[in-house]
Amino acid sequence: MDSPAVSRYATLWLLVAQVMVALPVLEVLPIVVLPLLVLTLMWRALIWFGRGSWPSDLLRRLLVALSLVLIITSSGWQFSLELAVTFLVTGYALKMLEMKTRRDALVIAYIGFFVVGAGVIYSQSLMQALYQLLCLGVLVAAIHAMYSPTQSASASLSIKGSLRFTGLILLQALPLTLALFIFVPRLGPLWAVPWPEGEAKTGLSDTMQPGDVARLSQSYELAFRAQFTGSVPPASERYWRTLVLDQYDGERWWQSDLIRLLNQFPGEIDDERDWQGRLPVIDGWWQVQPGQYNYEVLLEPNGRQWLPVLGMAALSVPETTVLRTLRLEADKPVFERRLYQPAQQSVVAQTITMPSWLLALNKSLPDNGNAQSRILAQQLFAESGRDPVTMGRRVMDYFNQEPFYYTLSPPLMEQNEVDQFLFVHRKGFCEHYASSFVFMMRSVGIPARIVTGYLGGEFLPEEKVIRVLQRDAHAWAEIWVEGQGWIRFDPTAAVAPERIDLGIDHMIEQGGLLQGQIPLAYRLGQTGFFKSVRQGWERLEYRWQKTVVQYQQEKQQSFMKELFGTSSFYWQQIGVLGALLALFLMLFGVFALFHRPALNPHQKLWLRLERKLVARGFERQVGEGPKDFALRVNAENDALGAQLLSIVDLYIRSVYSGRVKVDKPLLDQLSKMIKQL
Amino acid sequence: MNSTLQNSLDALSGVIRGKDRELRLALCCMLARGHLLIEDLPGMGKTALALSLARLLGLEYQRIQFTSDLLPADILGVSIFDRASSEFQFKPGPVFSQLLLADEINRASPRTQSALLEAMEERQVTIEGQGRSLPEPFVVIATQNPLTQQGTFPLPESQMDRFLMCIPMGYPDTDSEKAILRGEAGRFLVSQLGQSVTPKQFLLMQQEVNNVHASDLLLDYVLRLLKATREEGYFAVGLSPRAGLALLQAARAWAYIDGRDYLIPEDIQAVFVPVATHRLTMQKQGISPGELLARINAMA
């Protein structure tokens, strides 16, 4: 049978749903597709208003061809997630131009659900989730509208009705949703769409040039959040170690890689175990003991492999490696928000003597350049009695006592940067200080390197959460002391101690930085009423991320383990799913039982009669009245039919005539006749 | 089975072969004080049916052949100036009869159609400011060619509602058709039909039909059927409460013919299709109203 037409009312819901559902994914679509989407939407709206006609078959085909060409050319001939989503959304829009029957409308609504799902790939924030819930509501309302009677009393009444129905149905779906969410196994995808490549977001990279960190401090994006159980480190100890840069070419710092090292120190590096593009751990390089802080980190996706840890990374956790530079690295780039709990250990001693090549690496400088700085370093080194730690302090003092300034917009320094910084401009951001510090150390033969990471973060006391934004990025230095290991020096502390204690915002507010433009929205959120609202929301958001979004396979397994003890995980899941199914069947049964219309004694007898006749091979058809039924039986089987006819006669007289007194004798008679059948 | 009526039906089926169900529906319609619309191609026995019914029930019978130039006065009557008495005298039209056969009603212009339909609903006509009531019983049997034929004015939907039932005649089966060809059945037999019920008896029967008991269960059944036509999306407009009343009354008459003074579900099912078909507008082509109604019937 042909599907009925779609009412204007349902179409309106679908149009609204389409706009709402497509909004969150618009930003990932190629620009060229947008006019197409707007065009189709407006066209459909015109048809709705009765001012346009349906596109012809040819035109529809042309539109499809055009959008295919647009999508594929704009994708650079590469299959990617964006391409898939673009296809989905474009199809969603174009399908509206041929929506005439309810069947089409249903297809469109279901595609809508998929588009909502696609939106989840790009953002899992609480706000987005609430918005998507709204989208789901509108889609459900649209489906409801398709099935509502065509002539409604008034539009506002039916909108109210649709909304009520939708709310009710979503509420009814809630228990099942929760149960499925908690218990359904998280399976890997059967096929995967390649992730956008080279789409590393804002964040620290493994090279550092002057200006990099300063640029990062303009970004208000969230980098990660850390939640503590137990004590929380004071502001001066919130050094989030992320990357260690030990190669220097006079301008740029970067992380060493093995190929380069093998060329640099031929025949010296013998330990190539477990080489996966990084330096392996060698047992016994350091000693650990239980640490002071217990915390877990929820890292925003950034497409890179580093994982920030407080202090130095000591032990690896699943799917990570601790590198020789005492930093934690993920085995795969982080493309999804990742929750990890760094080992509760802290490094107490770095006992081993370094191999000579590694010492050499951390002392190496370009042969020429920055002559003045080298002389200054020699001078300071002599003054400090050729002791590395004293030398470090001496350089810090030098920064502190000479007129150095901490600024986000240092002047451009081209050649001999260190000299220019130390003797001419004396204005710089943390990377300038760290860089020149390490330069001076290395020039007097002390092994030193740069560490980049984050310093500080906003503390939300209720949840014991520290929120670290990209703008908290920082760079500092480490020097190697024989017998003690790597020791942290933060030259910025010598110039601007408030940066360490009070954070970057304080610096900008106080005018301590020469350049500083803070967006109004961000500034509003830092004071008074708005601050408490914002922090409240961020607390909620954090809980959402931790309990809902991060409820993945691992958490699910541990939760199930808590519930059911230690037996096999998969059997547990099967058991739970089975139990759920049984529960729902039971609920359904109970529902069906209680919602059955109350039967009068006649009807009970009749049902008994029907059962008996089914056993004899006669089943009453749907909608067949008792008399027709009896006549049909009679036509096939005389003896049985005759009996049945008399029963039916009594039955219909007692049920329908309204004149026969229904009493026990009559019922008994009927029951007796049925029994005798 | 009501024996009088059964005899009438037997006599009827002698004239019109192989159409027992249609005959019974026609009788049922008249018992329910309803007007009957017979819809089919020419030559299917529509006129024969109307004629036979009139003879059987001994009703005063008039026939109008509707044409496109028929005027309302041709149906209702006119006042003519009588010279002898020097006053106007009313000459009643064919509508003043107990059984009116309106043949090919959809060939007349809408104006003429509406004159008749008004009379049907009010059971009286107003001519020159004077109301004149029609005789009792008053039954209209209208025949109609399918609208696809040329030169027809389709009856408006609101007018269709005035007819209690709409019955298609349909082709006779092979045996019956053979009997007709052999000359064993047919219109020529109408004149040989005897009267089996007097008009007075018939009026009494119509009153007895009103007393047929409909139990609450069956009222619910009727309601569910009506609701199904309104909600399932098959029709542009569902059945009205008036249609529900008509359905119930027709079912009562059906039960009465069966000799019962109470309704059973089968009565309603039997009359549902003829009562509902002409009141519903299909939303989609491709399925006959009867099939669809049978489906609703099964669902409700």
# chains A, B, ... in the order shown; residues from 1 in each chain; ligands from 1
>>> residues_around(residues="Val317 (chain A)", least_positions_apart="6", cutoff="9 Å", atoms="only C-alpha atoms", output="CSV table (one decimal) with all heavy atoms, in the first residue's frame")
chain,number,residue,atom,x,y,z
A,328,LEU,N,55.9,11.3,30.4
A,328,LEU,CA,55.0,10.2,30.1
A,328,LEU,C,54.5,10.4,28.7
A,328,LEU,O,54.2,11.5,28.3
A,328,LEU,CB,53.8,10.3,31.1
A,328,LEU,CG,52.9,9.0,31.1
A,328,LEU,CD1,53.7,7.8,31.6
A,328,LEU,CD2,51.8,9.3,32.1
A,340,TYR,N,43.6,9.5,32.4
A,340,TYR,CA,44.6,8.6,32.9
A,340,TYR,C,45.0,9.0,34.3
A,340,TYR,O,44.9,10.1,34.7
A,340,TYR,CB,45.8,8.5,32.0
A,340,TYR,CG,46.5,9.9,31.8
A,340,TYR,CD1,47.6,10.2,32.6
A,340,TYR,CD2,46.0,10.8,30.9
A,340,TYR,CE1,48.2,11.5,32.4
A,340,TYR,CE2,46.6,12.0,30.8
A,340,TYR,CZ,47.7,12.4,31.5
A,340,TYR,OH,48.3,13.6,31.4
A,341,GLN,N,45.6,8.0,35.0
A,341,GLN,CA,46.0,8.2,36.4
A,341,GLN,C,47.5,8.0,36.5
A,341,GLN,O,47.9,6.8,36.5
A,341,GLN,CB,45.2,7.3,37.3
A,341,GLN,CG,45.4,7.7,38.8
A,341,GLN,CD,44.4,6.9,39.6
A,341,GLN,OE1,43.8,5.9,39.2
A,341,GLN,NE2,44.2,7.4,40.8
A,342,PRO,N,48.3,9.0,36.5
A,342,PRO,CA,49.7,8.8,36.6
A,342,PRO,C,50.0,8.0,37.9
A,342,PRO,O,49.3,8.2,38.9
A,342,PRO,CB,50.3,10.2,36.7
A,342,PRO,CG,49.2,11.1,36.1
A,342,PRO,CD,47.9,10.4,36.5
A,343,ALA,N,51.1,7.3,37.8
A,343,ALA,CA,51.5,6.4,39.0
A,343,ALA,C,51.7,7.3,40.2
A,343,ALA,O,52.2,8.5,40.1
A,343,ALA,CB,52.7,5.7,38.7
>>> interface_residues(of="chain A", to="chain B", cutoff="8 Å", atoms="only C-alpha atoms", output="ChimeraX atom specification")
/A:2,4,148-150,622-628,652-653,655-658
>>> write_last_selection(atoms="C-alpha atoms", output="PDB file, in the first residue's frame")
ATOM      1  CA  ASP A   2       1.183   3.502  -0.698  1.00  0.00           C
ATOM      2  CA  PRO A   4       0.211   8.390   3.210  1.00  0.00           C
ATOM      3  CA  SER A 148      -1.071  12.597  14.194  1.00  0.00           C
ATOM      4  CA  PRO A 149      -4.469  13.094  12.647  1.00  0.00           C
ATOM      5  CA  THR A 150      -4.316  15.396   9.686  1.00  0.00           C
ATOM      6  CA  VAL A 622      -9.715 -11.516  13.427  1.00  0.00           C
ATOM      7  CA  GLY A 623     -12.920  -9.498  13.298  1.00  0.00           C
ATOM      8  CA  GLU A 624     -15.104 -12.546  12.825  1.00  0.00           C
ATOM      9  CA  GLY A 625     -18.236 -12.429  14.921  1.00  0.00           C
ATOM     10  CA  PRO A 626     -19.353 -15.411  17.012  1.00  0.00           C
ATOM     11  CA  LYS A 627     -22.240 -16.282  14.777  1.00  0.00           C
ATOM     12  CA  ASP A 628     -20.266 -16.135  11.555  1.00  0.00           C
ATOM     13  CA  ILE A 652     -25.063 -13.986  22.020  1.00  0.00           C
ATOM     14  CA  ARG A 653     -28.433 -13.834  23.647  1.00  0.00           C
ATOM     15  CA  VAL A 655     -24.227 -11.038  26.042  1.00  0.00           C
ATOM     16  CA  TYR A 656     -25.939  -8.827  23.491  1.00  0.00           C
ATOM     17  CA  SER A 657     -29.683  -8.974  23.955  1.00  0.00           C
ATOM     18  CA  GLY A 658     -29.731  -7.082  27.241  1.00  0.00           C
TER      19      GLY A 658
END
>>> residues_around(residues="Gln62 (chain B)", least_positions_apart="2", cutoff="12 Å", atoms="only C-alpha atoms", output="PyMOL selection string")
chain B and resi 50-51+54-55+59-60+64-65+75+92-103+138-142
>>> residues_around(residues="Lys100 (chain A)", least_positions_apart="2", cutoff="10 Å", atoms="only C-alpha atoms", output="MDAnalysis selection string")
chainID A and resid 3:7 11 54 96:98 102:105
>>> closest_residue(among="A:Trp43, A:Tyr405, A:Tyr239, A:Phe114", to="Arg488 (chain A)", atoms="only C-alpha atoms")
A:Tyr239
>>> select_by_dssp(residues="region 204-360 of chain A", states="helix (DSSP H, G or I)", output="JSON, numbers by chain")
{"A": [212, 213, 214, 215, 216, 235, 236, 237, 258, 259, 260, 261, 262, 263, 264, 356, 357, 358, 359, 360]}
>>> closest_residue(among="A:Val184, A:Ala10, A:Phe618, A:Val648", to="Gln556 (chain A)", atoms="only C-alpha atoms")
A:Val184
>>> closest_residue(among="B:Ala26, B:Thr47, B:Glu122, B:Ile80", to="Arg63 (chain B)", atoms="only C-alpha atoms")
B:Thr47
>>> atom_distance(atom1="CA of Ser158 (chain A)", atom2="CA of Trp13 (chain A)")
11.6 Å
>>> residues_around(residues="Val125 (chain B)", least_positions_apart="6", cutoff="9 Å", atoms="only C-alpha atoms", output="list in words")
Leu76, Val95, Ala115, Glu118, Ala119, Gly131, Arg132, Ser133 and Leu134 of chain B
>>> select_by_dssp(residues="region 103-181 of chain B", states="strand (DSSP E or B)", output="list in words")
Asp103, Gln124, Val125, Thr126, Ile127, Gln130, Gly131, Arg132, Ser133, Val139, Val140, Ile141, Ala142, Thr143, Gln144, Phe163, Leu164, Met165, Cys166, Ile167 and Pro168 of chain B
>>> closest_residue(among="B:Tyr61, B:Tyr221, B:Phe272, B:Trp254", to="Pro135 (chain B)", atoms="only C-alpha atoms")
B:Tyr61
>>> atom_distance(atom1="CA of Val297 (chain A)", atom2="CA of Pro185 (chain A)")
24.4 Å
